[in-house]
$ cat coords.pdb   # PDB, C-alpha atoms, pLDDT in the B column
ATOM      1  CA  MET A 606     100.932  39.345 304.415  1.00 45.00           C
ATOM      2  CA  MET A 607      97.303  38.900 305.390  1.00 46.00           C
ATOM      3  CA  ILE A 608      96.772  39.426 309.077  1.00 48.00           C
ATOM      4  CA  LYS A 609      94.028  40.637 311.346  1.00 49.00           C
ATOM      5  CA  LYS A 610      94.942  43.950 312.946  1.00 46.00           C
ATOM      6  CA  ARG A 611      93.964  42.839 316.441  1.00 46.00           C
ATOM      7  CA  TYR A 612      96.609  40.129 316.309  1.00 48.00           C
ATOM      8  CA  LEU A 613      99.433  42.426 315.192  1.00 49.00           C
ATOM      9  CA  TRP A 614     100.663  43.242 318.695  1.00 46.00           C
ATOM     10  CA  PHE A 615     100.580  39.593 319.751  1.00 47.00           C
ATOM     11  CA  LEU A 616     102.403  38.392 316.659  1.00 50.00           C
ATOM     12  CA  SER A 617     105.030  41.014 317.264  1.00 50.00           C
ATOM     13  CA  ALA A 618     105.512  39.721 320.800  1.00 47.00           C
ATOM     14  CA  ILE A 619     105.779  36.135 319.598  1.00 49.00           C
ATOM     15  CA  ALA A 620     108.259  37.037 316.871  1.00 49.00           C
ATOM     16  CA  ILE A 621     110.919  37.854 319.464  1.00 41.00           C
ATOM     17  CA  LEU A 622     114.234  38.317 317.755  1.00 36.00           C
ATOM     18  CA  ALA A 623     116.976  40.671 318.916  1.00 32.00           C
ATOM     19  CA  LEU A 624     118.476  40.343 322.385  1.00 33.00           C
ATOM     20  CA  ALA A 625     119.481  43.604 324.030  1.00 35.00           C
ATOM     21  CA  GLY A 626     120.256  45.078 327.444  1.00 34.00           C
ATOM     22  CA  CYS A 627     118.306  47.911 329.024  1.00 36.00           C
ATOM     23  CA  GLY A 628     118.959  50.977 331.124  1.00 37.00           C
ATOM     24  CA  ASN A 629     121.619  53.610 331.411  1.00 39.00           C
ATOM     25  CA  GLN A 630     123.820  52.271 334.190  1.00 42.00           C
ATOM     26  CA  SER A 631     127.420  51.288 333.768  1.00 43.00           C
ATOM     27  CA  SER A 632     128.654  47.777 334.542  1.00 45.00           C
ATOM     28  CA  SER A 633     129.630  48.998 338.009  1.00 48.00           C
ATOM     29  CA  GLY A 634     125.947  49.674 338.668  1.00 48.00           C
ATOM     30  CA  GLN A 635     126.511  53.411 338.874  1.00 51.00           C
ATOM     31  CA  ASN A 636     124.418  55.811 336.853  1.00 50.00           C
ATOM     32  CA  ASP A 637     126.668  57.368 334.232  1.00 48.00           C
ATOM     33  CA  GLY A 638     124.872  60.691 334.553  1.00 53.00           C
ATOM     34  CA  ASN A 639     123.644  60.605 330.992  1.00 50.00           C
ATOM     35  CA  LEU A 640     119.954  61.493 330.974  1.00 56.00           C
ATOM     36  CA  LYS A 641     119.600  62.472 327.298  1.00 64.00           C
ATOM     37  CA  GLY A 642     118.619  59.070 325.910  1.00 70.00           C
ATOM     38  CA  GLN A 643     122.195  57.856 325.434  1.00 78.00           C
ATOM     39  CA  MET A 644     122.991  54.460 326.869  1.00 78.00           C
ATOM     40  CA  ALA A 645     126.050  53.604 328.898  1.00 82.00           C
ATOM     41  CA  SER A 646     128.818  51.839 326.976  1.00 84.00           C
ATOM     42  CA  ASP A 647     128.260  48.642 329.016  1.00 85.00           C
ATOM     43  CA  GLN A 648     124.709  47.326 329.257  1.00 80.00           C
ATOM     44  CA  VAL A 649     124.054  45.039 332.238  1.00 83.00           C
ATOM     45  CA  VAL A 650     120.806  43.562 333.470  1.00 77.00           C
ATOM     46  CA  ASN A 651     120.696  41.685 336.759  1.00 83.00           C
ATOM     47  CA  TRP A 652     117.462  39.714 337.070  1.00 79.00           C
ATOM     48  CA  SER A 653     116.212  37.438 339.799  1.00 83.00           C
ATOM     49  CA  GLU A 654     113.169  35.279 339.220  1.00 82.00           C
ATOM     50  CA  THR A 655     111.442  33.062 341.773  1.00 86.00           C
ATOM     51  CA  GLN A 656     109.534  31.002 339.227  1.00 88.00           C
ATOM     52  CA  ASP A 657     110.998  28.369 336.906  1.00 89.00           C
ATOM     53  CA  LEU A 658     110.836  29.140 333.216  1.00 89.00           C
ATOM     54  CA  VAL A 659     109.055  26.538 331.098  1.00 91.00           C
ATOM     55  CA  THR A 660     110.559  27.619 327.766  1.00 90.00           C
ATOM     56  CA  LEU A 661     112.117  30.549 325.976  1.00 89.00           C
ATOM     57  CA  ASP A 662     111.136  29.118 322.581  1.00 91.00           C
ATOM     58  CA  PRO A 663     109.044  31.909 320.988  1.00 90.00           C
ATOM     59  CA  SER A 664     106.882  29.350 319.191  1.00 92.00           C
ATOM     60  CA  LYS A 665     105.971  27.554 322.411  1.00 93.00           C
ATOM     61  CA  LEU A 666     105.480  30.370 324.901  1.00 91.00           C
ATOM     62  CA  THR A 667     102.327  30.030 327.003  1.00 90.00           C
ATOM     63  CA  GLU A 668     103.255  30.828 330.599  1.00 90.00           C
ATOM     64  CA  PRO A 669     103.149  34.452 331.776  1.00 90.00           C
ATOM     65  CA  ILE A 670     106.674  34.224 333.223  1.00 90.00           C
ATOM     66  CA  ASP A 671     108.049  32.980 329.894  1.00 88.00           C
ATOM     67  CA  LEU A 672     106.239  35.719 327.958  1.00 87.00           C
ATOM     68  CA  THR A 673     107.484  38.350 330.409  1.00 87.00           C
ATOM     69  CA  MET A 674     111.066  37.136 330.268  1.00 87.00           C
ATOM     70  CA  THR A 675     111.245  36.975 326.475  1.00 86.00           C
ATOM     71  CA  GLY A 676     109.550  40.357 326.258  1.00 83.00           C
ATOM     72  CA  ASN A 677     112.242  41.788 328.528  1.00 82.00           C
ATOM     73  CA  VAL A 678     115.174  40.428 326.531  1.00 82.00           C
ATOM     74  CA  GLY A 679     113.933  40.461 322.966  1.00 85.00           C
ATOM     75  CA  GLU A 680     112.153  42.561 320.442  1.00 88.00           C
ATOM     76  CA  GLY A 681     109.689  41.900 317.640  1.00 90.00           C
ATOM     77  CA  LEU A 682     108.355  44.018 314.803  1.00 93.00           C
ATOM     78  CA  TYR A 683     106.632  46.233 317.374  1.00 92.00           C
ATOM     79  CA  ARG A 684     106.914  46.723 321.115  1.00 88.00           C
ATOM     80  CA  LEU A 685     104.809  48.179 323.858  1.00 84.00           C
ATOM     81  CA  GLY A 686     106.004  51.610 324.880  1.00 86.00           C
ATOM     82  CA  ASN A 687     104.877  53.939 327.624  1.00 89.00           C
ATOM     83  CA  HIS A 688     101.286  53.440 328.689  1.00 91.00           C
ATOM     84  CA  HIS A 689     101.164  50.238 326.579  1.00 89.00           C
ATOM     85  CA  LYS A 690     101.228  52.220 323.356  1.00 93.00           C
ATOM     86  CA  ILE A 691     102.353  50.146 320.359  1.00 91.00           C
ATOM     87  CA  GLU A 692     105.518  51.581 318.812  1.00 91.00           C
ATOM     88  CA  PRO A 693     108.092  50.425 316.272  1.00 91.00           C
ATOM     89  CA  GLY A 694     110.527  47.727 317.339  1.00 92.00           C
ATOM     90  CA  ILE A 695     112.549  46.097 314.597  1.00 94.00           C
ATOM     91  CA  ALA A 696     110.039  47.436 312.052  1.00 94.00           C
ATOM     92  CA  THR A 697     110.832  51.074 311.375  1.00 93.00           C
ATOM     93  CA  LYS A 698     107.700  51.503 309.313  1.00 91.00           C
ATOM     94  CA  SER A 699     104.819  49.493 307.977  1.00 92.00           C
ATOM     95  CA  THR A 700     102.356  50.002 305.175  1.00 94.00           C
ATOM     96  CA  ILE A 701      99.026  48.335 304.570  1.00 94.00           C
ATOM     97  CA  SER A 702      97.666  47.780 301.079  1.00 95.00           C
ATOM     98  CA  LYS A 703      94.423  49.504 300.074  1.00 96.00           C
ATOM     99  CA  ASP A 704      92.520  46.220 300.356  1.00 94.00           C
ATOM    100  CA  GLY A 705      93.923  45.692 303.879  1.00 92.00           C
ATOM    101  CA  LYS A 706      95.333  42.282 302.998  1.00 91.00           C
ATOM    102  CA  THR A 707      99.045  42.983 302.605  1.00 93.00           C
ATOM    103  CA  TYR A 708     101.294  44.402 305.306  1.00 93.00           C
ATOM    104  CA  THR A 709     104.811  45.446 304.341  1.00 94.00           C
ATOM    105  CA  PHE A 710     107.370  45.990 307.089  1.00 94.00           C
ATOM    106  CA  THR A 711     110.644  47.854 306.692  1.00 94.00           C
ATOM    107  CA  LEU A 712     113.197  46.542 309.154  1.00 94.00           C
ATOM    108  CA  ARG A 713     115.684  48.561 311.156  1.00 92.00           C
ATOM    109  CA  PRO A 714     119.008  48.033 309.333  1.00 91.00           C
ATOM    110  CA  ASN A 715     121.069  47.911 312.548  1.00 92.00           C
ATOM    111  CA  ALA A 716     119.005  45.185 314.295  1.00 92.00           C
ATOM    112  CA  LYS A 717     121.383  42.490 315.526  1.00 91.00           C
ATOM    113  CA  TRP A 718     121.160  39.125 317.213  1.00 90.00           C
ATOM    114  CA  SER A 719     123.077  38.710 320.468  1.00 86.00           C
ATOM    115  CA  ASN A 720     125.940  37.144 318.473  1.00 91.00           C
ATOM    116  CA  GLY A 721     126.253  40.273 316.309  1.00 92.00           C
ATOM    117  CA  GLU A 722     124.622  38.846 313.164  1.00 94.00           C
ATOM    118  CA  THR A 723     122.073  41.036 311.377  1.00 93.00           C
ATOM    119  CA  VAL A 724     118.390  40.286 311.927  1.00 93.00           C
ATOM    120  CA  THR A 725     116.755  39.739 308.537  1.00 93.00           C
ATOM    121  CA  ALA A 726     113.235  39.531 307.192  1.00 94.00           C
ATOM    122  CA  GLN A 727     113.905  35.853 306.498  1.00 95.00           C
ATOM    123  CA  ASP A 728     114.354  35.359 310.256  1.00 94.00           C
ATOM    124  CA  PHE A 729     110.744  36.480 310.722  1.00 93.00           C
ATOM    125  CA  VAL A 730     109.522  34.266 307.896  1.00 95.00           C
ATOM    126  CA  TYR A 731     111.299  31.248 309.393  1.00 96.00           C
ATOM    127  CA  SER A 732     109.914  31.969 312.865  1.00 94.00           C
ATOM    128  CA  TRP A 733     106.331  32.349 311.687  1.00 95.00           C
ATOM    129  CA  GLN A 734     106.520  29.255 309.480  1.00 97.00           C
ATOM    130  CA  ARG A 735     107.961  27.277 312.382  1.00 96.00           C
ATOM    131  CA  THR A 736     105.220  28.433 314.745  1.00 95.00           C
ATOM    132  CA  ILE A 737     102.374  27.317 312.490  1.00 96.00           C
ATOM    133  CA  ASN A 738     104.064  24.020 311.598  1.00 96.00           C
ATOM    134  CA  PRO A 739     102.053  21.210 313.268  1.00 96.00           C
ATOM    135  CA  LYS A 740     105.340  19.506 314.233  1.00 95.00           C
ATOM    136  CA  THR A 741     106.172  22.479 316.479  1.00 95.00           C
ATOM    137  CA  ALA A 742     102.895  22.008 318.392  1.00 93.00           C
ATOM    138  CA  SER A 743     102.542  25.701 319.191  1.00 94.00           C
ATOM    139  CA  GLN A 744      99.534  26.348 321.397  1.00 93.00           C
ATOM    140  CA  TYR A 745      99.203  29.830 319.905  1.00 91.00           C
ATOM    141  CA  GLY A 746      99.412  28.822 316.247  1.00 91.00           C
ATOM    142  CA  TYR A 747      95.785  29.844 315.834  1.00 92.00           C
ATOM    143  CA  ILE A 748      96.798  33.480 316.284  1.00 92.00           C
ATOM    144  CA  TYR A 749      98.172  33.326 312.731  1.00 93.00           C
ATOM    145  CA  ASP A 750      94.808  32.374 311.212  1.00 92.00           C
ATOM    146  CA  GLY A 751      94.557  35.704 309.379  1.00 91.00           C
ATOM    147  CA  ILE A 752      97.606  34.880 307.264  1.00 95.00           C
ATOM    148  CA  VAL A 753      97.131  33.134 303.909  1.00 96.00           C
ATOM    149  CA  ASN A 754      97.316  29.321 304.284  1.00 97.00           C
ATOM    150  CA  ALA A 755      97.984  29.367 308.048  1.00 96.00           C
ATOM    151  CA  ASN A 756      94.922  27.272 308.883  1.00 95.00           C
ATOM    152  CA  ARG A 757      95.594  24.821 306.049  1.00 97.00           C
ATOM    153  CA  ILE A 758      99.174  24.376 307.268  1.00 97.00           C
ATOM    154  CA  GLN A 759      98.080  23.722 310.839  1.00 95.00           C
ATOM    155  CA  GLU A 760      95.583  21.162 309.563  1.00 95.00           C
ATOM    156  CA  GLY A 761      98.358  19.392 307.633  1.00 95.00           C
ATOM    157  CA  LYS A 762      96.844  20.318 304.252  1.00 97.00           C
ATOM    158  CA  ALA A 763      99.726  22.599 303.172  1.00 97.00           C
ATOM    159  CA  THR A 764     103.406  22.981 303.983  1.00 97.00           C
ATOM    160  CA  PRO A 765     104.863  25.787 306.143  1.00 97.00           C
ATOM    161  CA  SER A 766     106.610  27.197 303.059  1.00 96.00           C
ATOM    162  CA  GLN A 767     103.137  28.020 301.698  1.00 97.00           C
ATOM    163  CA  LEU A 768     102.440  30.498 304.512  1.00 97.00           C
ATOM    164  CA  GLY A 769     101.513  33.888 303.038  1.00 96.00           C
ATOM    165  CA  VAL A 770     104.663  35.688 304.168  1.00 95.00           C
ATOM    166  CA  LYS A 771     107.820  36.397 302.230  1.00 94.00           C
ATOM    167  CA  ALA A 772     111.055  38.296 302.622  1.00 93.00           C
ATOM    168  CA  SER A 773     112.419  40.491 299.873  1.00 86.00           C
ATOM    169  CA  ALA A 774     116.064  41.276 299.227  1.00 64.00           C
ATOM    170  CA  LYS A 775     115.401  44.877 300.272  1.00 59.00           C
ATOM    171  CA  ARG A 776     115.185  43.730 303.924  1.00 43.00           C
ATOM    172  CA  ASN A 777     111.395  44.043 303.931  1.00 41.00           C
ATOM    173  CA  CYS A 778     109.250  41.372 305.491  1.00 41.00           C
ATOM    174  CA  ARG A 779     106.139  40.822 303.451  1.00 40.00           C
TER
END
$ encode --input "coords.pdb" --output "structure tokens"
Amino acid sequence: MMIKKRYLWFLSAIAILALAGCGNQSSSGQNDGNLKGQMASDQVVNWSETQDLVTLDPSKLTEPIDLTMTGNVGEGLYRLGNHHKIEPGIATKSTISKDGKTYTFTLRPNAKWSNGETVTAQDFVYSWQRTINPKTASQYGYIYDGIVNANRIQEGKATPSQLGVKASAKRNCR
């Protein structure tokens, strides 16, 4: 997929996919004593927010509270780690072609949606095609302008299926 490197972190944030809990406390709220990176068997997050959410639709996020909330409950190809360092999320590895125009992502095989279904490369393709579709009216569709046909699609001169991304049967998102 053609993409400008400076947009990679933002696209990853917009391509929110897998819902997961955080922390190492049991459902009773007590620390289970496990400090070696193992999570408690029950994952519970209690969150209080004073501001109304506008949307949790990844294609329509614009408000800081919405971006924060989806970033706290979902994961994209990459995530921000300690000290805002970009690290793998659902993508376990990525390669860039010699000409810098094709990015190939290998997805974590155990990535699941909140309903237990496997996250697939096609889920990313669908999400990105939906975001650049003029009918979606995404305010951040322009972020995808480094991908083949993205601008033409947003101008109504091509269909979302012509976006320069594809999913292979090997669970790679290309």
$ resolve_selection --input "coords.pdb" --expression "the PyMOL selection byres ((chain A and resi 670) around 12)" --output "PyMOL selection string"
chain A and resi 654-661+666-669+671-677
$ residues_around --input "coords.pdb" --residues "stretch 726-739 of chain A" --least-positions-apart "5" --cutoff "8 Å" --atoms "all atoms listed in the file" --output "number ranges by chain"
A: 620, 664-665, 712, 746-747, 749, 755, 758-761, 764-766, 768, 770-773, 776-778
$ residues_around --input "coords.pdb" --residues "A:Thr697" --least-positions-apart "4" --cutoff "8 Å" --atoms "only C-alpha atoms" --output "list in words"
Pro693, Phe710, Thr711, Leu712 and Arg713 of chain A
$ atom_distance --input "coords.pdb" --atom1 "atom CA of A:Val649" --atom2 "atom CA of A:Ser719"
13.4 Å
$ atom_distance --input "coords.pdb" --atom1 "atom CA of A:Pro663" --atom2 "atom CA of A:Tyr683"
15.0 Å
$ atom_distance --input "coords.pdb" --atom1 "atom CA of A:Ile752" --atom2 "atom CA of A:Ile701"
13.8 Å
